[in-house]
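Text of model_25.txt (compact mmCIF, C-alpha atoms) as supplied:
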```
# COMPACT_ATOMS: atom_id res chain seq x y z
CA MET A 1 16.61 -29.62 32.01
CA ALA A 2 17.13 -26.59 29.74
CA SER A 3 13.47 -26.66 28.76
CA MET A 4 12.26 -26.65 32.37
CA THR A 5 11.56 -23.51 34.34
CA THR A 6 12.70 -23.46 37.96
CA ARG A 7 9.08 -23.89 38.98
CA GLN A 8 8.65 -26.96 36.80
CA HIS A 9 11.95 -28.36 38.06
CA TYR A 10 10.84 -27.93 41.68
CA GLN A 11 7.52 -29.66 41.03
CA ALA A 12 9.26 -32.52 39.22
CA VAL A 13 11.60 -33.10 42.16
CA MET A 14 8.80 -32.84 44.73
CA HIS A 15 6.75 -35.40 42.79
CA ARG A 16 9.68 -37.76 42.18
CA GLN A 17 9.62 -37.55 38.42
CA PRO A 18 11.99 -40.22 37.05
CA GLY A 19 15.16 -39.03 35.38
CA VAL A 20 15.03 -35.48 36.77
CA ARG A 21 18.06 -34.47 38.80
CA THR A 22 17.45 -32.93 42.19
CA LEU A 23 17.95 -29.25 42.98
CA LEU A 24 21.28 -27.74 43.99
CA TRP A 25 20.46 -25.61 47.04
CA GLU A 26 21.73 -24.77 50.50
CA PHE A 27 19.70 -24.22 53.66
CA GLY A 28 21.58 -21.09 54.75
CA TYR A 29 24.63 -19.75 56.56
CA TRP A 30 25.55 -17.91 59.72
CA THR A 31 26.63 -14.32 59.04
CA ALA A 32 30.05 -15.07 60.55
CA THR A 33 30.44 -17.93 58.07
CA VAL A 34 29.94 -15.67 55.09
CA GLU A 35 32.29 -13.07 56.55
CA ARG A 36 34.97 -15.74 56.98
CA TRP A 37 34.55 -16.96 53.42
CA TYR A 38 35.13 -13.53 51.93
CA GLY A 39 38.66 -13.85 53.27
CA GLU A 40 39.14 -17.34 51.88
CA GLY A 41 38.07 -17.20 48.26
CA LEU A 42 34.44 -16.13 48.09
CA THR A 43 34.29 -13.16 45.75
CA SER A 44 31.94 -10.21 46.01
CA SER A 45 29.86 -9.03 43.07
CA PRO A 46 27.38 -6.20 42.54
CA PHE A 47 23.95 -7.04 43.86
CA MET A 48 21.26 -8.15 41.44
CA PRO A 49 18.19 -10.29 42.28
CA PRO A 50 18.40 -13.91 41.12
CA LEU A 51 16.54 -14.85 37.99
CA GLY A 52 12.86 -15.42 38.60
CA MET A 53 12.63 -13.00 41.51
CA ALA A 54 10.93 -9.84 40.34
CA PRO A 55 13.05 -6.79 41.20
CA GLY A 56 11.43 -4.53 43.73
CA ASN A 57 8.55 -6.86 44.56
CA GLY A 58 9.40 -6.76 48.25
CA VAL A 59 9.76 -10.50 48.74
CA PHE A 60 13.49 -10.88 48.32
CA GLY A 61 16.38 -11.11 50.72
CA ASP A 62 16.82 -10.00 54.30
CA ALA A 63 13.44 -8.25 54.27
CA LEU A 64 12.20 -11.73 55.14
CA PRO A 65 12.67 -12.75 58.79
CA PHE A 66 13.21 -16.23 60.20
CA PRO A 67 12.36 -19.01 59.67
CA HIS A 68 14.88 -19.98 57.04
CA MET A 69 13.70 -22.12 54.19
CA PRO A 70 15.52 -24.22 51.61
CA GLY A 71 16.37 -22.52 48.37
CA LEU A 72 15.54 -19.01 49.56
CA VAL A 73 18.43 -16.76 48.54
CA ARG A 74 19.09 -13.86 50.91
CA TYR A 75 21.01 -10.71 50.14
CA ARG A 76 24.09 -11.79 52.08
CA ASP A 77 24.08 -15.21 50.39
CA ILE A 78 23.95 -14.03 46.79
CA ASP A 79 27.68 -14.36 46.11
CA ILE A 80 27.69 -17.95 47.38
CA HIS A 81 24.64 -18.72 45.28
CA ARG A 82 26.41 -17.51 42.14
CA GLN A 83 29.83 -18.96 42.80
CA MET A 84 28.39 -22.40 43.63
CA ARG A 85 26.13 -22.23 40.54
CA PHE A 86 23.06 -23.14 42.58
CA ASP A 87 19.65 -23.50 41.03
CA GLU A 88 17.36 -20.53 41.47
CA GLY A 89 15.38 -20.78 44.65
CA THR A 90 11.95 -20.37 46.14
CA VAL A 91 10.04 -17.19 46.87
CA ARG A 92 7.62 -16.80 49.73
CA ILE A 93 4.72 -14.42 49.96
CA PRO A 94 5.36 -11.96 52.83
CA VAL A 95 2.32 -12.57 55.04
CA ASN A 96 2.19 -11.65 58.74
CA TRP A 97 1.08 -14.76 60.65
CA ARG A 98 1.61 -13.25 64.10
CA HIS A 99 0.34 -10.22 66.01
CA CYS A 100 -1.50 -7.83 63.74
CA PRO A 101 -0.86 -5.10 64.57
CA ALA A 102 2.54 -5.89 66.02
CA PHE A 103 3.43 -4.55 69.44
CA ALA A 104 5.19 -1.21 69.53
CA GLU A 105 8.76 -1.83 70.61
CA GLN A 106 9.56 -0.29 73.98
CA VAL A 107 12.93 0.12 75.69
CA LEU A 108 12.39 -0.41 79.40
CA GLU A 109 15.95 0.09 80.56
CA GLU A 110 19.47 -0.16 79.22
CA ASN A 111 23.09 -0.16 80.30
CA ALA A 112 26.41 -0.11 78.47
CA THR A 113 26.04 -3.60 77.04
CA THR A 114 22.36 -4.63 77.03
CA ARG A 115 18.87 -3.30 76.46
CA LEU A 116 15.72 -4.53 78.23
CA MET A 117 12.76 -4.13 75.91
CA ILE A 118 9.37 -5.31 74.66
CA ASN A 119 9.76 -6.54 71.08
CA GLY A 120 7.26 -6.61 68.22
CA ASP A 121 5.86 -9.95 69.43
CA GLY A 122 5.11 -8.48 72.85
CA VAL A 123 7.89 -10.49 74.48
CA LYS A 124 10.09 -8.93 77.14
CA VAL A 125 13.69 -9.59 76.14
CA ARG A 126 17.16 -8.53 77.14
CA VAL A 127 19.29 -8.05 74.04
CA SER A 128 22.99 -7.48 73.58
CA LYS A 129 23.91 -4.16 72.00
CA SER A 130 26.69 -5.90 70.12
CA ASN A 131 24.18 -8.24 68.44
CA ASP A 132 26.53 -11.17 68.91
CA SER A 133 24.22 -13.36 71.00
CA LEU A 134 20.63 -14.52 71.16
CA PRO A 135 18.19 -12.47 73.27
CA GLN A 136 17.32 -13.52 76.80
CA PHE A 137 13.55 -14.11 76.84
CA LEU A 138 11.92 -13.03 80.09
CA ASP A 139 8.14 -12.70 79.71
CA TRP A 140 5.43 -13.34 77.11
CA PRO A 141 2.14 -11.63 76.26
CA VAL A 142 -0.17 -14.58 77.05
CA ARG A 143 -0.19 -15.86 80.62
CA ASP A 144 -3.76 -17.08 81.10
CA ARG A 145 -7.24 -17.09 79.58
CA ALA A 146 -7.83 -13.38 80.17
CA SER A 147 -4.61 -12.27 78.48
CA TRP A 148 -5.29 -14.60 75.54
CA GLU A 149 -8.80 -13.20 75.06
CA GLN A 150 -7.33 -9.71 74.94
CA ILE A 151 -4.63 -10.69 72.45
CA LYS A 152 -7.16 -12.61 70.36
CA ALA A 153 -9.47 -9.62 70.12
CA GLU A 154 -6.80 -6.99 69.55
CA ARG A 155 -4.21 -8.78 67.38
CA PHE A 156 -5.79 -11.87 65.80
CA GLY A 157 -8.98 -10.34 64.49
CA PRO A 158 -10.97 -11.26 61.36
CA ASP A 159 -9.54 -8.56 59.07
CA VAL A 160 -6.89 -10.61 57.25
CA ALA A 161 -6.26 -7.89 54.66
CA LYS A 162 -4.05 -6.15 57.24
CA ARG A 163 -1.74 -9.15 57.21
CA PHE A 164 -0.60 -8.51 53.65
CA PRO A 165 2.07 -5.98 52.63
CA ASP A 166 1.00 -2.56 51.44
CA ARG A 167 2.08 -3.37 47.88
CA TRP A 168 0.25 -6.69 47.80
CA GLN A 169 -2.00 -5.91 44.84
CA ALA A 170 1.02 -4.72 42.86
CA MET A 171 2.80 -8.01 43.58
CA VAL A 172 -0.01 -10.26 42.38
CA PRO A 173 0.46 -9.76 38.61
CA ALA A 174 4.19 -10.58 38.84
CA PHE A 175 3.46 -13.66 40.92
CA LYS A 176 0.97 -14.88 38.34
CA GLN A 177 3.59 -14.67 35.59
CA ARG A 178 6.40 -16.32 37.55
CA ASP A 179 8.66 -19.16 36.48
CA TYR A 180 9.94 -19.88 40.03
CA PRO A 181 8.30 -21.83 42.89
CA LEU A 182 6.12 -19.60 45.09
CA GLY A 183 4.53 -20.42 48.40
CA LEU A 184 3.72 -19.58 51.98
CA VAL A 185 5.93 -20.05 55.05
CA MET A 186 3.81 -20.05 58.17
CA ASP A 187 4.12 -20.67 61.88
CA GLY A 188 2.96 -24.03 63.22
CA PHE A 189 0.57 -25.08 65.93
CA PHE A 190 3.33 -25.65 68.46
CA SER A 191 5.67 -22.83 67.50
CA ALA A 192 2.98 -20.13 67.44
CA PRO A 193 1.66 -20.84 70.97
CA ARG A 194 5.27 -21.00 72.14
CA GLU A 195 5.81 -17.45 70.88
CA LEU A 196 2.67 -16.37 72.74
CA LEU A 197 3.23 -18.10 76.09
CA GLY A 198 6.89 -19.10 76.28
CA VAL A 199 7.71 -22.79 76.11
CA GLU A 200 7.56 -23.56 79.86
CA ASN A 201 4.16 -21.94 80.34
CA GLN A 202 2.95 -23.53 77.13
CA LEU A 203 3.90 -27.04 78.21
CA MET A 204 2.31 -26.55 81.64
CA MET A 205 -0.90 -25.25 80.06
CA TYR A 206 -1.42 -28.45 78.09
CA TYR A 207 -2.10 -30.03 81.50
CA ASP A 208 -3.37 -27.11 83.58
CA ASP A 209 -5.71 -25.57 81.00
CA PRO A 210 -6.09 -27.83 77.94
CA GLU A 211 -9.22 -25.95 76.83
CA LEU A 212 -7.16 -22.77 76.53
CA MET A 213 -4.56 -24.49 74.36
CA GLN A 214 -7.25 -25.95 72.11
CA ASP A 215 -8.87 -22.53 71.80
CA ILE A 216 -5.59 -20.88 70.84
CA ASN A 217 -4.94 -23.32 68.02
CA ALA A 218 -8.55 -23.37 66.87
CA HIS A 219 -8.52 -19.59 66.57
CA LEU A 220 -5.12 -19.52 64.87
CA ALA A 221 -6.38 -22.10 62.38
CA ASP A 222 -9.41 -19.92 61.62
CA VAL A 223 -7.25 -16.84 60.99
CA TRP A 224 -4.58 -18.65 59.01
CA LEU A 225 -7.07 -20.49 56.81
CA ALA A 226 -8.71 -17.16 56.02
CA VAL A 227 -5.30 -15.83 54.96
CA ILE A 228 -4.57 -18.89 52.84
CA GLU A 229 -7.99 -18.71 51.20
CA ASP A 230 -7.40 -15.05 50.34
CA VAL A 231 -4.03 -15.89 48.76
CA ILE A 232 -5.15 -18.85 46.68
CA SER A 233 -8.19 -16.95 45.43
CA GLN A 234 -5.67 -14.75 43.59
CA ILE A 235 -2.56 -16.90 42.99
CA ASP A 236 -1.84 -20.60 42.63
CA LEU A 237 0.86 -21.83 45.02
CA ASP A 238 3.58 -24.44 44.72
CA PHE A 239 4.21 -25.16 48.40
CA VAL A 240 3.50 -24.38 52.03
CA TYR A 241 6.34 -24.64 54.56
CA ILE A 242 5.58 -24.68 58.29
CA TRP A 243 8.03 -23.63 60.99
CA GLU A 244 7.64 -26.01 63.91
CA ASP A 245 10.74 -26.23 66.13
CA MET A 246 9.46 -28.50 68.89
CA SER A 247 12.27 -30.91 69.73
CA PHE A 248 15.63 -30.76 71.47
CA LYS A 249 18.64 -33.02 71.12
CA ASN A 250 17.16 -36.03 72.91
CA GLY A 251 13.54 -35.88 71.83
CA PRO A 252 10.38 -33.85 71.35
CA LEU A 253 9.18 -31.27 73.85
CA MET A 254 5.80 -32.98 74.08
CA SER A 255 4.77 -36.62 73.91
CA PRO A 256 3.46 -38.13 70.67
CA ALA A 257 0.12 -38.63 72.43
CA ALA A 258 -0.14 -34.95 73.41
CA PHE A 259 1.03 -34.00 69.92
CA ARG A 260 -1.84 -35.94 68.40
CA THR A 261 -4.31 -34.34 70.81
CA PHE A 262 -3.26 -30.70 70.63
CA ILE A 263 -1.46 -30.29 67.30
CA VAL A 264 -2.41 -32.87 64.66
CA PRO A 265 -6.13 -31.93 64.35
CA TYR A 266 -5.19 -28.40 63.31
CA TYR A 267 -2.65 -29.64 60.80
CA LYS A 268 -5.42 -31.73 59.28
CA ARG A 269 -7.63 -28.67 58.94
CA VAL A 270 -4.93 -26.73 57.09
CA THR A 271 -3.54 -29.54 54.94
CA SER A 272 -6.97 -30.82 53.87
CA PHE A 273 -7.83 -27.30 52.71
CA LEU A 274 -4.54 -27.04 50.84
CA ARG A 275 -5.00 -30.38 49.10
CA ALA A 276 -8.54 -29.46 48.12
CA HIS A 277 -6.97 -26.54 46.24
CA GLY A 278 -4.23 -28.54 44.56
CA ILE A 279 -1.35 -27.81 46.98
CA ASP A 280 0.31 -31.09 47.95
CA VAL A 281 3.88 -30.00 48.78
CA ILE A 282 3.69 -29.32 52.52
CA PHE A 283 6.94 -29.28 54.50
CA VAL A 284 7.70 -28.90 58.19
CA ASP A 285 10.93 -27.33 59.46
CA SER A 286 11.68 -28.90 62.83
CA ASP A 287 15.05 -29.13 64.53
CA GLY A 288 16.24 -31.64 67.13
CA TYR A 289 15.32 -35.32 67.44
CA CYS A 290 11.81 -35.43 66.00
CA MET A 291 11.60 -39.05 64.79
CA GLU A 292 8.77 -39.90 67.21
CA LEU A 293 6.64 -37.07 65.81
CA ILE A 294 6.97 -37.95 62.13
CA PRO A 295 4.00 -40.39 62.14
CA GLY A 296 1.81 -37.63 63.59
CA PHE A 297 3.01 -35.12 61.03
CA ILE A 298 2.27 -37.56 58.20
CA ASP A 299 -1.16 -38.27 59.67
CA GLY A 300 -1.66 -34.51 59.81
CA GLY A 301 -1.07 -34.24 56.06
CA VAL A 302 2.57 -33.17 55.97
CA THR A 303 4.44 -34.50 52.92
CA GLY A 304 8.05 -33.54 53.75
CA MET A 305 10.43 -32.37 56.44
CA TYR A 306 13.82 -30.71 56.95
CA PRO A 307 16.62 -30.11 58.04
CA PHE A 308 17.23 -33.38 60.02
CA GLU A 309 19.98 -32.40 62.48
CA CYS A 310 22.59 -35.14 62.65
CA GLN A 311 23.91 -34.12 66.07
CA ALA A 312 20.42 -34.79 67.42
CA GLY A 313 20.47 -38.31 65.98
CA MET A 314 18.42 -37.72 62.83
CA ASN A 315 19.73 -39.97 60.05
CA ILE A 316 17.99 -39.41 56.73
CA VAL A 317 18.72 -42.94 55.51
CA GLU A 318 16.87 -44.33 58.52
CA VAL A 319 14.09 -41.76 58.10
CA ARG A 320 13.56 -42.78 54.47
CA LYS A 321 13.61 -46.46 55.43
CA ARG A 322 10.90 -45.93 58.07
CA PHE A 323 8.86 -43.36 56.14
CA PRO A 324 9.43 -44.00 52.42
CA GLN A 325 6.68 -41.58 51.37
CA LEU A 326 8.25 -38.60 53.16
CA LEU A 327 10.00 -35.93 51.10
CA ILE A 328 13.37 -35.01 52.62
CA GLN A 329 15.59 -31.95 52.43
CA GLY A 330 18.93 -31.53 54.19
CA GLY A 331 20.39 -34.08 56.58
CA LEU A 332 24.10 -33.73 55.69
CA ASP A 333 26.23 -33.44 58.81
CA LYS A 334 27.78 -29.96 58.95
CA THR A 335 30.41 -31.17 61.44
CA LYS A 336 31.69 -33.56 58.78
CA VAL A 337 32.01 -30.64 56.37
CA ALA A 338 34.16 -28.82 58.92
CA ALA A 339 36.35 -31.92 59.27
CA GLY A 340 37.46 -31.90 55.65
CA PRO A 341 37.38 -33.95 52.42
CA ALA A 342 37.73 -37.45 53.89
CA ALA A 343 34.85 -36.91 56.31
CA ILE A 344 32.80 -35.26 53.56
CA ASP A 345 33.33 -38.21 51.23
CA ALA A 346 32.29 -40.71 53.91
CA GLU A 347 29.18 -38.70 54.79
CA LEU A 348 28.01 -38.38 51.21
CA ALA A 349 28.78 -41.98 50.30
CA ALA A 350 26.62 -43.17 53.21
CA LYS A 351 23.60 -41.08 52.27
CA LEU A 352 23.42 -39.73 48.73
CA PRO A 353 23.29 -42.84 46.52
CA VAL A 354 20.16 -44.25 48.16
CA LEU A 355 18.35 -40.94 48.67
CA LEU A 356 19.07 -39.55 45.20
CA ALA A 357 18.08 -42.78 43.46
CA GLN A 358 14.79 -42.90 45.34
CA GLY A 359 13.98 -39.26 44.57
CA GLY A 360 12.07 -36.73 46.63
CA TYR A 361 15.31 -35.50 48.21
CA ILE A 362 17.28 -32.24 48.07
CA PRO A 363 20.77 -32.51 49.64
CA PHE A 364 22.17 -29.74 51.85
CA CYS A 365 23.50 -29.26 55.38
CA ASP A 366 21.45 -30.18 58.42
CA HIS A 367 21.11 -26.54 59.49
CA LEU A 368 22.85 -23.23 58.85
CA VAL A 369 26.47 -23.71 57.80
CA PRO A 370 28.56 -22.65 60.83
CA PRO A 371 31.71 -20.51 60.81
CA ASP A 372 34.02 -23.45 61.57
CA VAL A 373 33.46 -24.61 57.97
CA SER A 374 36.17 -23.23 55.68
CA TRP A 375 35.44 -22.03 52.17
CA GLU A 376 37.73 -24.77 50.85
CA ASN A 377 35.76 -27.47 52.65
CA TYR A 378 32.41 -26.03 51.65
CA THR A 379 33.53 -25.86 48.03
CA CYS A 380 34.59 -29.49 48.32
CA LEU A 381 31.16 -30.43 49.70
CA ARG A 382 29.26 -28.73 46.91
CA GLN A 383 31.50 -30.16 44.17
CA ARG A 384 31.07 -33.68 45.56
CA ILE A 385 27.28 -33.19 45.81
CA ARG A 386 27.16 -32.03 42.20
CA GLU A 387 29.05 -35.13 41.10
CA TYR A 388 26.61 -37.40 42.97
CA VAL A 389 23.60 -35.55 41.56
CA GLU A 390 24.89 -36.03 38.03
CA ARG A 391 25.47 -39.72 38.69
CA TYR A 392 22.26 -40.64 40.55
CA GLN A 393 18.81 -39.64 39.34
CA PRO A 394 15.38 -40.89 40.48
CA GLU A 395 14.52 -44.26 38.99
```
Hey, can you dump this file as structure tokens for me?
Amino acid sequence: MASMTTRQHYQAVMHRQPGVRTLLWEFGYWTATVERWYGEGLTSSPFMPPLGMAPGNGVFGDALPFPHMPGLVRYRDIDIHRQMRFDEGTVRIPVNWRHCPAFAEQVLEENATTRLMINGDGVKVRVSKSNDSLPQFLDWPVRDRASWEQIKAERFGPDVAKRFPDRWQAMVPAFKQRDYPLGLVMDGFFSAPRELLGVENQLMMYYDDPELMQDINAHLADVWLAVIEDVISQIDLDFVYIWEDMSFKNGPLMSPAAFRTFIVPYYKRVTSFLRAHGIDVIFVDSDGYCMELIPGFIDGGVTGMYPFECQAGMNIVEVRKRFPQLLIQGGLDKTKVAAGPAAIDAELAAKLPVLLAQGGYIPFCDHLVPPDVSWENYTCLRQRIREYVERYQPE
């Protein structure tokens, strides 16, 4: 492995190269988790970017908003990354996939504890001033055909150059010389309309105005493909990750049939373009119980998924059995990590031998590590994973 760059290592794992150990990564952590760990053994060190991430290139750390992605090291995670001796992670190109220009934030009213405002996505939200809870979402910018046509004209226009950071041309030379995996992390064809309409209105519109929903995704596909084409005309990419939270604990928010009608055709447009340009590592990040949607994702050209939430019934051993071609990341039950070494050992013994031997798998928790996980238990998890990784390699 000493002769491999991080980029080469990533590609070897994604293409199931025999005899190559998987990557040692974590999905991410809640802020409260990291704060707890500093009191339990995690040590602080002066900040320096990880190897492979060009200092000052504007693509590192908390400058990047959600969604999370595997292997991406954020500023507040750097001490964990070092102390756990993780492999260097991925870098994503900071492209704006949403409103361009963004909405100007407006404070509509406030009291001692909350603020009612319009955020940068044009959504009316009530936020806590203490920042210790999720916003309350109240209204969205698209309500009907007329409001969509206005948004489409004003904020999803043909000038994709505006979607790149100001220092984009300065970043390109460093990206071309990289030794780390570089890619795009984009919204999906369910998650993006949800941010425009709100999930209830979105789901109703699939029945009340299906032409509108098709038009939204057709236009988004046009804009996003123009962005992707611009990027790959200048830089070769290692991956594309797509944020597509569209399931809850008991199942998807839309039927597999509706998914194939309204979502899959646009995945095919994007993934066929990517494959035509040599990009065949295409992951979807979707929480909840999404098993019924996996055939549609695969048909749409997706090659991998994460994080496979165990509390929603997603078992990666069963997923691999049903979909052996699917690349998998995550899927380790974070509640078992909180429970301690015995539960950790049982969880890993049930999953890691088969997944690691088959390849195409990166082990980490099934979502952000929560604050009920102690530093001692997390250290135990990562040590046990390292032992399994050294013992089992793709055949």
Next on the checklist: Neighbouring residues of segment 251-255 of chain A were defined as those with any atom within 10 Å, considering all atoms listed in the file; residues of the same chain fewer than 4 positions away were excluded. Please report them as number ranges by chain.
Outcome noted: A: 190, 199-200, 203, 206, 245-247, 259-262, 286-293, 312-313
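When only C-alpha atoms are used to compute distances to Trp37 of chain A, the closest of the residues A:Gly331, A:Ile80, A:Ala276, A:Phe175 turns out to be A:Ile80.
Atom to atom, atom CA of Ile344 of chain A and atom CA of Glu387 of chain A stand 13.0 Å apart.
Minimum distance to Phe239 of chain A across A:Met14, A:Ile298, A:Ile263, A:Ala221 (counting only C-alpha atoms) occurs at A:Met14.
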For segment 166-256 of chain A against segment 86-92 of chain A, with a cut-off of 6 Å and counting all atoms listed in the file, what is the closest atom pair and its distance in Å to one decimal for every residue that makes the cut, ordered by chain and number, as CSV?
```
residue,atom,partner,partner_atom,distance
A:Pro181,CA,A:Thr90,CA,5.1
A:Leu182,CA,A:Val91,CA,4.9
A:Gly183,CA,A:Arg92,CA,4.9
A:Leu184,CA,A:Arg92,CA,5.3
```
